[in-house]
Amino acid sequence: MPYRRCGKSGLKLPAISLGLWHNFGHVDNFGVCRKMIHHAFDHGITHFDLANNYGPPPGSAEINFGKILETDLASYRDELVISTKAGYLMWPGPYGEWGSRKYLLASLDQSLQRMQIDYVDIFYSHRPDPDTPLEETMQALDQAVRSGKALYAGISNYDPDQAFEASQILRKLGTPCLIHQPKYSMFERRAEKGLLDVLDKEGIGCIAFSPLAQGLLTDKYLKGIPADSRAANPYGFLKRNQVTPAVIKKVKKLNDMALGRKQSLAQMAIAWLLKDERVTSVLIGSRTVEQLANSMGALDNLNCTAAELKKINEILK
């Protein structure tokens, strides 16, 4: 497992990190969750990414990860980077979402209780809040770090201007922004429209989520929608109407390219992201150990030639 320095910080992250957004909630098989965590750590994935509302139900991914951490990985805590976030709806009422100091810090306390740990390595503002001053949100992140409940501060889903302003505020507070987590894949390239440049200039790391576009950038949908896929899952974010003939046409062409590289499409999609040195890590999700192992196989060939990149852009037009 190669490790990449996160921006201009002293922290290194594995090129591939494991996200617990899906498949680690109470609706999932705990034994399979445990095996995936074990496989990831045994193969060099030291970073596990969560959020307060991951599940379903919300909070259950943190609870399940906390159980595995306590029984199996407690002695390795100093070899782990654990992150969580707050920003999306977690509980009803006026204080259960967005970016107020009250919500962020209360949510962090709840996350620590669910995972049964004293601190997280990274605490994120999960999304910008249009109704809360950005100074207040960043002051909450600063307070989380100064209290010892988080080691680093991060942001997610911020556009380039918001990311720049957040970075400036945090730097003045004395708690530099460590990392930004944007949605980034071959099918979602908004990060290339200024955000990566801001992160590079500010010395902020980048960890891409949804690198496989919720499974579209795999060979899973080449022949329709499987019954056990995310598009067929009522809890998933990928909907059936997103798996269109036009999308599948592109996926088939990309899959042919990947086979020519002696890779799966998922592996090529991950390698395509890691070609950019500004991308610190790629955050993958997995339903089985086999899927996880397949994604990690991307590390066997991270090289993308100029001709391949040009062809990929032509397919994606």
# chains A, B, ... in the order shown; residues from 1 in each chain; ligands from 1

$ residues_around --residues "Leu302 in chain A" --least-positions-apart "3" --cutoff "9 Å" --atoms "only C-alpha atoms" --output "number ranges by chain"
A: 267-268, 270-272, 274-275, 298-299

$ write_last_selection --atoms "N, CA and C atoms" --output "compact mmCIF listing (two decimals), in the first residue's frame"
# COMPACT_ATOMS: atom_id res chain seq x y z
N GLN A 267 -11.02 -0.92 -11.16
CA GLN A 267 -9.60 -0.66 -10.94
C GLN A 267 -9.12 0.51 -11.80
N MET A 268 -9.56 0.56 -13.06
CA MET A 268 -9.15 1.66 -13.93
C MET A 268 -9.71 2.99 -13.43
N ILE A 270 -10.32 3.87 -10.37
CA ILE A 270 -9.54 4.29 -9.21
C ILE A 270 -8.18 4.80 -9.64
N ALA A 271 -7.54 4.08 -10.57
CA ALA A 271 -6.23 4.50 -11.08
C ALA A 271 -6.34 5.86 -11.77
N TRP A 272 -7.45 6.09 -12.46
CA TRP A 272 -7.66 7.37 -13.15
C TRP A 272 -7.66 8.54 -12.15
N LEU A 274 -6.15 8.47 -9.08
CA LEU A 274 -4.85 8.54 -8.42
C LEU A 274 -3.73 9.02 -9.34
N LYS A 275 -4.03 9.17 -10.63
CA LYS A 275 -3.02 9.73 -11.55
C LYS A 275 -2.65 11.14 -11.17
N ALA A 298 -6.36 -2.08 -8.09
CA ALA A 298 -6.00 -0.91 -8.90
C ALA A 298 -4.55 -0.51 -8.67
N LEU A 299 -4.03 -0.80 -7.49
CA LEU A 299 -2.66 -0.40 -7.15
C LEU A 299 -1.62 -1.10 -7.99

$ select_by_dssp --residues "range 33-239 of chain A" --states "alpha helix (DSSP H)" --output "PyMOL selection string"
chain A and resi 33-42+60-68+101-115+134-146+160-173+195-202

$ write_last_selection --atoms "C-alpha atoms" --output "short mmCIF file (atom, residue, chain, number, x, y, z; two decimals), in the first residue's frame"
data_model
loop_
_atom_site.label_atom_id
_atom_site.label_comp_id
_atom_site.auth_asym_id
_atom_site.auth_seq_id
_atom_site.Cartn_x
_atom_site.Cartn_y
_atom_site.Cartn_z
CA CYS A 33 -18.61 -5.98 7.86
CA ARG A 34 -16.05 -7.36 10.29
CA LYS A 35 -14.29 -9.42 7.60
CA MET A 36 -14.03 -6.35 5.34
CA ILE A 37 -12.50 -4.23 8.11
CA HIS A 38 -9.99 -7.02 8.84
CA HIS A 39 -9.08 -7.46 5.16
CA ALA A 40 -8.66 -3.73 4.66
CA PHE A 41 -6.35 -3.28 7.66
CA ASP A 42 -4.36 -6.43 6.89
CA SER A 60 -25.38 2.41 13.14
CA ALA A 61 -22.20 2.38 11.03
CA GLU A 62 -20.35 4.12 13.87
CA ILE A 63 -21.80 1.68 16.40
CA ASN A 64 -20.75 -1.34 14.35
CA PHE A 65 -17.30 0.05 13.64
CA GLY A 66 -16.89 0.81 17.34
CA LYS A 67 -17.68 -2.81 18.23
CA ILE A 68 -15.10 -4.11 15.76
CA ARG A 101 -21.47 25.17 16.65
CA LYS A 102 -24.20 23.57 18.78
CA TYR A 103 -24.92 20.83 16.24
CA LEU A 104 -21.34 20.06 15.21
CA LEU A 105 -19.93 19.72 18.70
CA ALA A 106 -22.94 17.80 20.06
CA SER A 107 -22.72 15.46 17.08
CA LEU A 108 -19.01 14.87 17.64
CA ASP A 109 -19.67 13.90 21.26
CA GLN A 110 -22.35 11.45 20.12
CA SER A 111 -20.03 9.95 17.46
CA LEU A 112 -17.30 9.36 20.04
CA GLN A 113 -19.81 7.63 22.31
CA ARG A 114 -21.07 5.39 19.50
CA MET A 115 -17.54 4.37 18.49
CA LEU A 134 -18.80 30.20 7.90
CA GLU A 135 -16.78 31.64 10.79
CA GLU A 136 -19.03 29.85 13.29
CA THR A 137 -18.71 26.50 11.53
CA MET A 138 -14.93 26.81 11.31
CA GLN A 139 -14.71 27.94 14.95
CA ALA A 140 -16.53 24.74 15.91
CA LEU A 141 -13.94 22.66 14.01
CA ASP A 142 -11.17 24.63 15.71
CA GLN A 143 -12.77 23.98 19.11
CA ALA A 144 -13.07 20.25 18.34
CA VAL A 145 -9.32 20.10 17.68
CA ARG A 146 -8.34 22.27 20.65
CA PRO A 160 -13.87 26.28 -4.59
CA ASP A 161 -14.76 29.70 -3.14
CA GLN A 162 -16.17 28.21 0.06
CA ALA A 163 -13.13 25.95 0.45
CA PHE A 164 -10.75 28.89 0.04
CA GLU A 165 -12.63 31.01 2.59
CA ALA A 166 -12.84 28.11 5.06
CA SER A 167 -9.11 27.52 4.70
CA GLN A 168 -8.33 31.18 5.37
CA ILE A 169 -10.49 31.24 8.51
CA LEU A 170 -9.04 28.03 9.90
CA ARG A 171 -5.48 29.16 9.26
CA LYS A 172 -6.10 32.39 11.19
CA LEU A 173 -7.58 30.36 14.04
CA LEU A 195 -11.42 23.05 -6.48
CA LEU A 196 -8.26 20.98 -6.98
CA ASP A 197 -6.34 24.16 -7.77
CA VAL A 198 -7.54 25.80 -4.55
CA LEU A 199 -6.59 22.75 -2.50
CA ASP A 200 -3.15 22.62 -4.09
CA LYS A 201 -2.55 26.32 -3.46
CA GLU A 202 -3.75 26.11 0.15
#

$ residues_around --residues "Asn52 in chain A" --least-positions-apart "3" --cutoff "6 Å" --atoms "only C-alpha atoms" --output "list in words"
Gly59, Lys85 and Ala86 of chain A

$ write_last_selection --atoms "C-alpha atoms" --output "PDB file, in the first residue's frame"
ATOM      1  CA  GLY A  59     -25.482   6.165  13.621  1.00  0.00           C
ATOM      2  CA  LYS A  85     -18.491  14.137   9.941  1.00  0.00           C
ATOM      3  CA  ALA A  86     -21.534  16.207  10.823  1.00  0.00           C
TER       4      ALA A  86
END

$ closest_residue --among "A:Pro2, A:Gly25, A:Pro130, A:Pro94" --to "Ile45 in chain A" --atoms "only C-alpha atoms"
A:Pro2

$ closest_residue --among "A:Trp98, A:Tyr158, A:Tyr3, A:Trp21" --to "Gln214 in chain A" --atoms "only C-alpha atoms"
A:Trp21

$ residues_around --residues "Val27 in chain A" --least-positions-apart "4" --cutoff "9 Å" --atoms "only C-alpha atoms" --output "ChimeraX atom specification"
/A:23,55-57,60

$ residues_around --residues "Leu89 in chain A" --least-positions-apart "5" --cutoff "9 Å" --atoms "only C-alpha atoms" --output "PyMOL selection string"
chain A and resi 53+96-98

$ select_by_dssp --residues "range 101-217 of chain A" --states "strand (DSSP E or B)" --output "list of chain:residue names"
A:Val120, A:Asp121, A:Ile122, A:Phe123, A:Tyr124, A:Ser125, A:Ala150, A:Leu151, A:Tyr152, A:Ala153, A:Gly154, A:Ile155, A:Ser156, A:Cys177, A:Leu178, A:Ile179, A:His180, A:Gln181, A:Lys183, A:Ser185, A:Glu188, A:Gly205, A:Cys206, A:Ile207, A:Ala208, A:Phe209

$ residues_around --residues "Ser17 in chain A" --least-positions-apart "2" --cutoff "9 Å" --atoms "only C-alpha atoms" --output "PDB file with N, CA and C atoms, in the first residue's frame"
ATOM      1  N   LEU A  13      -1.819   9.353   4.246  1.00  0.00           N
ATOM      2  CA  LEU A  13      -2.985   8.479   4.134  1.00  0.00           C
ATOM      3  C   LEU A  13      -2.706   7.402   3.103  1.00  0.00           C
ATOM      4  N   PRO A  14      -3.321   6.238   3.256  1.00  0.00           N
ATOM      5  CA  PRO A  14      -3.177   5.210   2.223  1.00  0.00           C
ATOM      6  C   PRO A  14      -3.808   5.692   0.922  1.00  0.00           C
ATOM      7  N   ALA A  15      -3.251   5.273  -0.204  1.00  0.00           N
ATOM      8  CA  ALA A  15      -3.804   5.691  -1.494  1.00  0.00           C
ATOM      9  C   ALA A  15      -5.267   5.282  -1.625  1.00  0.00           C
ATOM     10  N   GLY A  19     -14.477   3.580   3.075  1.00  0.00           N
ATOM     11  CA  GLY A  19     -15.609   4.358   3.565  1.00  0.00           C
ATOM     12  C   GLY A  19     -16.726   3.451   4.038  1.00  0.00           C
ATOM     13  N   ALA A  40      -9.189  -5.052   4.989  1.00  0.00           N
ATOM     14  CA  ALA A  40      -8.656  -3.732   4.661  1.00  0.00           C
ATOM     15  C   ALA A  40      -7.402  -3.430   5.479  1.00  0.00           C
ATOM     16  N   ILE A  45      -4.818  -0.656   4.461  1.00  0.00           N
ATOM     17  CA  ILE A  45      -5.788   0.431   4.584  1.00  0.00           C
ATOM     18  C   ILE A  45      -5.873   0.803   6.056  1.00  0.00           C
ATOM     19  N   THR A  46      -5.289   1.926   6.388  1.00  0.00           N
ATOM     20  CA  THR A  46      -5.257   2.381   7.778  1.00  0.00           C
ATOM     21  C   THR A  46      -6.303   3.448   8.054  1.00  0.00           C
ATOM     22  N   HIS A  47      -6.969   3.945   7.001  1.00  0.00           N
ATOM     23  CA  HIS A  47      -7.934   5.036   7.163  1.00  0.00           C
ATOM     24  C   HIS A  47      -9.347   4.529   6.947  1.00  0.00           C
ATOM     25  N   PHE A  48     -10.200   4.750   7.961  1.00  0.00           N
ATOM     26  CA  PHE A  48     -11.609   4.355   7.900  1.00  0.00           C
ATOM     27  C   PHE A  48     -12.467   5.605   8.062  1.00  0.00           C
ATOM     28  N   ASP A  49     -13.344   5.831   7.100  1.00  0.00           N
ATOM     29  CA  ASP A  49     -14.105   7.078   7.023  1.00  0.00           C
ATOM     30  C   ASP A  49     -15.572   6.837   7.343  1.00  0.00           C
ATOM     31  N   ILE A 207      -9.471  13.841  -0.706  1.00  0.00           N
ATOM     32  CA  ILE A 207      -9.867  12.435  -0.702  1.00  0.00           C
ATOM     33  C   ILE A 207     -11.193  12.317  -1.442  1.00  0.00           C
ATOM     34  N   SER A 281      -6.000  10.418  -1.512  1.00  0.00           N
ATOM     35  CA  SER A 281      -6.545   9.071  -1.324  1.00  0.00           C
ATOM     36  C   SER A 281      -7.881   8.968  -2.044  1.00  0.00           C
ATOM     37  N   VAL A 282      -8.232   7.741  -2.394  1.00  0.00           N
ATOM     38  CA  VAL A 282      -9.532   7.452  -2.995  1.00  0.00           C
ATOM     39  C   VAL A 282     -10.331   6.630  -1.991  1.00  0.00           C
ATOM     40  N   LEU A 283     -11.541   7.084  -1.719  1.00  0.00           N
ATOM     41  CA  LEU A 283     -12.386   6.494  -0.684  1.00  0.00           C
ATOM     42  C   LEU A 283     -13.352   5.505  -1.321  1.00  0.00           C
ATOM     43  N   ILE A 284     -13.096   4.217  -1.112  1.00  0.00           N
ATOM     44  CA  ILE A 284     -13.936   3.203  -1.734  1.00  0.00           C
ATOM     45  C   ILE A 284     -14.934   2.642  -0.730  1.00  0.00           C
ATOM     46  N   GLY A 285     -16.056   2.184  -1.253  1.00  0.00           N
ATOM     47  CA  GLY A 285     -17.020   1.436  -0.465  1.00  0.00           C
ATOM     48  C   GLY A 285     -17.010   0.004  -0.962  1.00  0.00           C
TER      49      GLY A 285
END

$ residues_around --residues "range 258-265 of chain A" --least-positions-apart "2" --cutoff "7 Å" --atoms "only C-alpha atoms" --output "list in words"
Leu217, Thr218, Asp219, Leu254, Asn255, Asp256, Gln267, Met268 and Ala269 of chain A

$ closest_residue --among "A:Asn313, A:Lys253, A:Thr175, A:Ala266" --to "Asn294 in chain A" --atoms "only C-alpha atoms"
A:Ala266

$ closest_residue --among "A:His22, A:Tyr221, A:Met186, A:Gly205" --to "Leu309 in chain A" --atoms "only C-alpha atoms"
A:Met186

$ closest_residue --among "A:Ile204, A:Val289, A:Ala246, A:Leu212" --to "Lys183 in chain A" --atoms "only C-alpha atoms"
A:Leu212

$ atom_distance --atom1 "CA of Leu273 in chain A" --atom2 "CA of Ser185 in chain A"
7.0 Å

$ closest_residue --among "A:Phe123, A:Val251, A:Gln116, A:Arg278" --to "Ala191 in chain A" --atoms "only C-alpha atoms"
A:Arg278

$ decode --residues "range 25-69 of chain A" --atoms "N, CA and C atoms" --output "PDB file, in the first residue's frame"
ATOM      1  N   GLY A  25     -24.295  -0.743   8.161  1.00  0.00           N
ATOM      2  CA  GLY A  25     -25.361  -0.385   9.088  1.00  0.00           C
ATOM      3  C   GLY A  25     -25.999  -1.612   9.720  1.00  0.00           C
ATOM      4  N   HIS A  26     -27.020  -1.372  10.515  1.00  0.00           N
ATOM      5  CA  HIS A  26     -27.721  -2.466  11.187  1.00  0.00           C
ATOM      6  C   HIS A  26     -28.516  -3.334  10.215  1.00  0.00           C
ATOM      7  N   VAL A  27     -28.772  -2.835   9.000  1.00  0.00           N
ATOM      8  CA  VAL A  27     -29.492  -3.639   8.004  1.00  0.00           C
ATOM      9  C   VAL A  27     -28.550  -4.603   7.290  1.00  0.00           C
ATOM     10  N   ASP A  28     -27.249  -4.507   7.571  1.00  0.00           N
ATOM     11  CA  ASP A  28     -26.251  -5.317   6.886  1.00  0.00           C
ATOM     12  C   ASP A  28     -25.749  -6.457   7.777  1.00  0.00           C
ATOM     13  N   ASN A  29     -25.022  -7.373   7.178  1.00  0.00           N
ATOM     14  CA  ASN A  29     -24.482  -8.537   7.882  1.00  0.00           C
ATOM     15  C   ASN A  29     -23.232  -8.124   8.655  1.00  0.00           C
ATOM     16  N   PHE A  30     -23.296  -8.180   9.984  1.00  0.00           N
ATOM     17  CA  PHE A  30     -22.177  -7.715  10.818  1.00  0.00           C
ATOM     18  C   PHE A  30     -20.920  -8.539  10.578  1.00  0.00           C
ATOM     19  N   GLY A  31     -21.086  -9.835  10.371  1.00  0.00           N
ATOM     20  CA  GLY A  31     -19.935 -10.691  10.134  1.00  0.00           C
ATOM     21  C   GLY A  31     -19.173 -10.303   8.881  1.00  0.00           C
ATOM     22  N   VAL A  32     -19.909  -9.950   7.834  1.00  0.00           N
ATOM     23  CA  VAL A  32     -19.266  -9.517   6.592  1.00  0.00           C
ATOM     24  C   VAL A  32     -18.566  -8.169   6.800  1.00  0.00           C
ATOM     25  N   CYS A  33     -19.226  -7.278   7.542  1.00  0.00           N
ATOM     26  CA  CYS A  33     -18.608  -5.983   7.857  1.00  0.00           C
ATOM     27  C   CYS A  33     -17.260  -6.197   8.555  1.00  0.00           C
ATOM     28  N   ARG A  34     -17.263  -7.094   9.509  1.00  0.00           N
ATOM     29  CA  ARG A  34     -16.053  -7.363  10.285  1.00  0.00           C
ATOM     30  C   ARG A  34     -14.934  -7.909   9.401  1.00  0.00           C
ATOM     31  N   LYS A  35     -15.281  -8.839   8.507  1.00  0.00           N
ATOM     32  CA  LYS A  35     -14.289  -9.418   7.603  1.00  0.00           C
ATOM     33  C   LYS A  35     -13.700  -8.352   6.677  1.00  0.00           C
ATOM     34  N   MET A  36     -14.540  -7.409   6.221  1.00  0.00           N
ATOM     35  CA  MET A  36     -14.035  -6.350   5.337  1.00  0.00           C
ATOM     36  C   MET A  36     -13.065  -5.427   6.070  1.00  0.00           C
ATOM     37  N   ILE A  37     -13.400  -5.069   7.317  1.00  0.00           N
ATOM     38  CA  ILE A  37     -12.500  -4.234   8.111  1.00  0.00           C
ATOM     39  C   ILE A  37     -11.164  -4.950   8.313  1.00  0.00           C
ATOM     40  N   HIS A  38     -11.207  -6.241   8.633  1.00  0.00           N
ATOM     41  CA  HIS A  38      -9.989  -7.021   8.838  1.00  0.00           C
ATOM     42  C   HIS A  38      -9.148  -7.060   7.562  1.00  0.00           C
ATOM     43  N   HIS A  39      -9.806  -7.348   6.433  1.00  0.00           N
ATOM     44  CA  HIS A  39      -9.080  -7.458   5.161  1.00  0.00           C
ATOM     45  C   HIS A  39      -8.433  -6.120   4.794  1.00  0.00           C
ATOM     46  N   ALA A  40      -9.189  -5.052   4.989  1.00  0.00           N
ATOM     47  CA  ALA A  40      -8.656  -3.732   4.661  1.00  0.00           C
ATOM     48  C   ALA A  40      -7.402  -3.430   5.479  1.00  0.00           C
ATOM     49  N   PHE A  41      -7.492  -3.607   6.800  1.00  0.00           N
ATOM     50  CA  PHE A  41      -6.355  -3.276   7.657  1.00  0.00           C
ATOM     51  C   PHE A  41      -5.167  -4.191   7.385  1.00  0.00           C
ATOM     52  N   ASP A  42      -5.436  -5.473   7.159  1.00  0.00           N
ATOM     53  CA  ASP A  42      -4.356  -6.431   6.893  1.00  0.00           C
ATOM     54  C   ASP A  42      -3.620  -6.111   5.590  1.00  0.00           C
ATOM     55  N   HIS A  43      -4.263  -5.360   4.697  1.00  0.00           N
ATOM     56  CA  HIS A  43      -3.644  -5.020   3.414  1.00  0.00           C
ATOM     57  C   HIS A  43      -3.281  -3.537   3.313  1.00  0.00           C
ATOM     58  N   GLY A  44      -3.116  -2.881   4.455  1.00  0.00           N
ATOM     59  CA  GLY A  44      -2.540  -1.546   4.453  1.00  0.00           C
ATOM     60  C   GLY A  44      -3.513  -0.394   4.452  1.00  0.00           C
ATOM     61  N   ILE A  45      -4.818  -0.656   4.461  1.00  0.00           N
ATOM     62  CA  ILE A  45      -5.788   0.431   4.584  1.00  0.00           C
ATOM     63  C   ILE A  45      -5.873   0.803   6.056  1.00  0.00           C
ATOM     64  N   THR A  46      -5.289   1.926   6.388  1.00  0.00           N
ATOM     65  CA  THR A  46      -5.257   2.381   7.778  1.00  0.00           C
ATOM     66  C   THR A  46      -6.303   3.448   8.054  1.00  0.00           C
ATOM     67  N   HIS A  47      -6.969   3.945   7.001  1.00  0.00           N
ATOM     68  CA  HIS A  47      -7.934   5.036   7.163  1.00  0.00           C
ATOM     69  C   HIS A  47      -9.347   4.529   6.947  1.00  0.00           C
ATOM     70  N   PHE A  48     -10.200   4.750   7.961  1.00  0.00           N
ATOM     71  CA  PHE A  48     -11.609   4.355   7.900  1.00  0.00           C
ATOM     72  C   PHE A  48     -12.467   5.605   8.062  1.00  0.00           C
ATOM     73  N   ASP A  49     -13.344   5.831   7.100  1.00  0.00           N
ATOM     74  CA  ASP A  49     -14.105   7.078   7.023  1.00  0.00           C
ATOM     75  C   ASP A  49     -15.572   6.837   7.343  1.00  0.00           C
ATOM     76  N   LEU A  50     -16.086   7.605   8.315  1.00  0.00           N
ATOM     77  CA  LEU A  50     -17.486   7.499   8.718  1.00  0.00           C
ATOM     78  C   LEU A  50     -18.134   8.881   8.744  1.00  0.00           C
ATOM     79  N   ALA A  51     -19.411   8.906   9.088  1.00  0.00           N
ATOM     80  CA  ALA A  51     -20.141  10.142   9.374  1.00  0.00           C
ATOM     81  C   ALA A  51     -21.235   9.800  10.368  1.00  0.00           C
ATOM     82  N   ASN A  52     -21.750  10.813  11.045  1.00  0.00           N
ATOM     83  CA  ASN A  52     -22.757  10.561  12.080  1.00  0.00           C
ATOM     84  C   ASN A  52     -23.979   9.824  11.543  1.00  0.00           C
ATOM     85  N   ASN A  53     -24.370  10.117  10.296  1.00  0.00           N
ATOM     86  CA  ASN A  53     -25.630   9.574   9.774  1.00  0.00           C
ATOM     87  C   ASN A  53     -25.460   8.325   8.924  1.00  0.00           C
ATOM     88  N   TYR A  54     -24.260   7.743   8.870  1.00  0.00           N
ATOM     89  CA  TYR A  54     -24.080   6.544   8.058  1.00  0.00           C
ATOM     90  C   TYR A  54     -24.780   5.358   8.704  1.00  0.00           C
ATOM     91  N   GLY A  55     -25.372   4.535   7.867  1.00  0.00           N
ATOM     92  CA  GLY A  55     -26.107   3.373   8.320  1.00  0.00           C
ATOM     93  C   GLY A  55     -26.598   2.584   7.109  1.00  0.00           C
ATOM     94  N   PRO A  56     -27.921   2.416   7.003  1.00  0.00           N
ATOM     95  CA  PRO A  56     -28.963   2.828   7.939  1.00  0.00           C
ATOM     96  C   PRO A  56     -29.150   1.833   9.076  1.00  0.00           C
ATOM     97  N   PRO A  57     -29.844   2.265  10.165  1.00  0.00           N
ATOM     98  CA  PRO A  57     -30.296   3.625  10.464  1.00  0.00           C
ATOM     99  C   PRO A  57     -29.117   4.527  10.808  1.00  0.00           C
ATOM    100  N   PRO A  58     -29.345   5.846  10.806  1.00  0.00           N
ATOM    101  CA  PRO A  58     -28.257   6.777  11.116  1.00  0.00           C
ATOM    102  C   PRO A  58     -27.581   6.441  12.444  1.00  0.00           C
ATOM    103  N   GLY A  59     -26.250   6.469  12.420  1.00  0.00           N
ATOM    104  CA  GLY A  59     -25.482   6.165  13.621  1.00  0.00           C
ATOM    105  C   GLY A  59     -25.030   4.726  13.720  1.00  0.00           C
ATOM    106  N   SER A  60     -25.677   3.837  12.965  1.00  0.00           N
ATOM    107  CA  SER A  60     -25.379   2.414  13.137  1.00  0.00           C
ATOM    108  C   SER A  60     -24.018   2.027  12.581  1.00  0.00           C
ATOM    109  N   ALA A  61     -23.533   2.707  11.545  1.00  0.00           N
ATOM    110  CA  ALA A  61     -22.196   2.385  11.030  1.00  0.00           C
ATOM    111  C   ALA A  61     -21.138   2.686  12.086  1.00  0.00           C
ATOM    112  N   GLU A  62     -21.294   3.798  12.804  1.00  0.00           N
ATOM    113  CA  GLU A  62     -20.345   4.118  13.870  1.00  0.00           C
ATOM    114  C   GLU A  62     -20.432   3.103  15.003  1.00  0.00           C
ATOM    115  N   ILE A  63     -21.635   2.684  15.335  1.00  0.00           N
ATOM    116  CA  ILE A  63     -21.795   1.685  16.400  1.00  0.00           C
ATOM    117  C   ILE A  63     -21.099   0.380  16.016  1.00  0.00           C
ATOM    118  N   ASN A  64     -21.340  -0.083  14.794  1.00  0.00           N
ATOM    119  CA  ASN A  64     -20.751  -1.343  14.354  1.00  0.00           C
ATOM    120  C   ASN A  64     -19.230  -1.242  14.239  1.00  0.00           C
ATOM    121  N   PHE A  65     -18.745  -0.126  13.723  1.00  0.00           N
ATOM    122  CA  PHE A  65     -17.297   0.049  13.640  1.00  0.00           C
ATOM    123  C   PHE A  65     -16.694   0.088  15.044  1.00  0.00           C
ATOM    124  N   GLY A  66     -17.375   0.740  15.966  1.00  0.00           N
ATOM    125  CA  GLY A  66     -16.893   0.807  17.343  1.00  0.00           C
ATOM    126  C   GLY A  66     -16.773  -0.565  17.981  1.00  0.00           C
ATOM    127  N   LYS A  67     -17.736  -1.453  17.690  1.00  0.00           N
ATOM    128  CA  LYS A  67     -17.685  -2.814  18.228  1.00  0.00           C
ATOM    129  C   LYS A  67     -16.476  -3.566  17.682  1.00  0.00           C
ATOM    130  N   ILE A  68     -16.243  -3.432  16.376  1.00  0.00           N
ATOM    131  CA  ILE A  68     -15.104  -4.115  15.756  1.00  0.00           C
ATOM    132  C   ILE A  68     -13.795  -3.538  16.272  1.00  0.00           C
ATOM    133  N   LEU A  69     -13.770  -2.231  16.453  1.00  0.00           N
ATOM    134  CA  LEU A  69     -12.571  -1.583  16.979  1.00  0.00           C
ATOM    135  C   LEU A  69     -12.263  -2.084  18.393  1.00  0.00           C
TER     136      LEU A  69
END
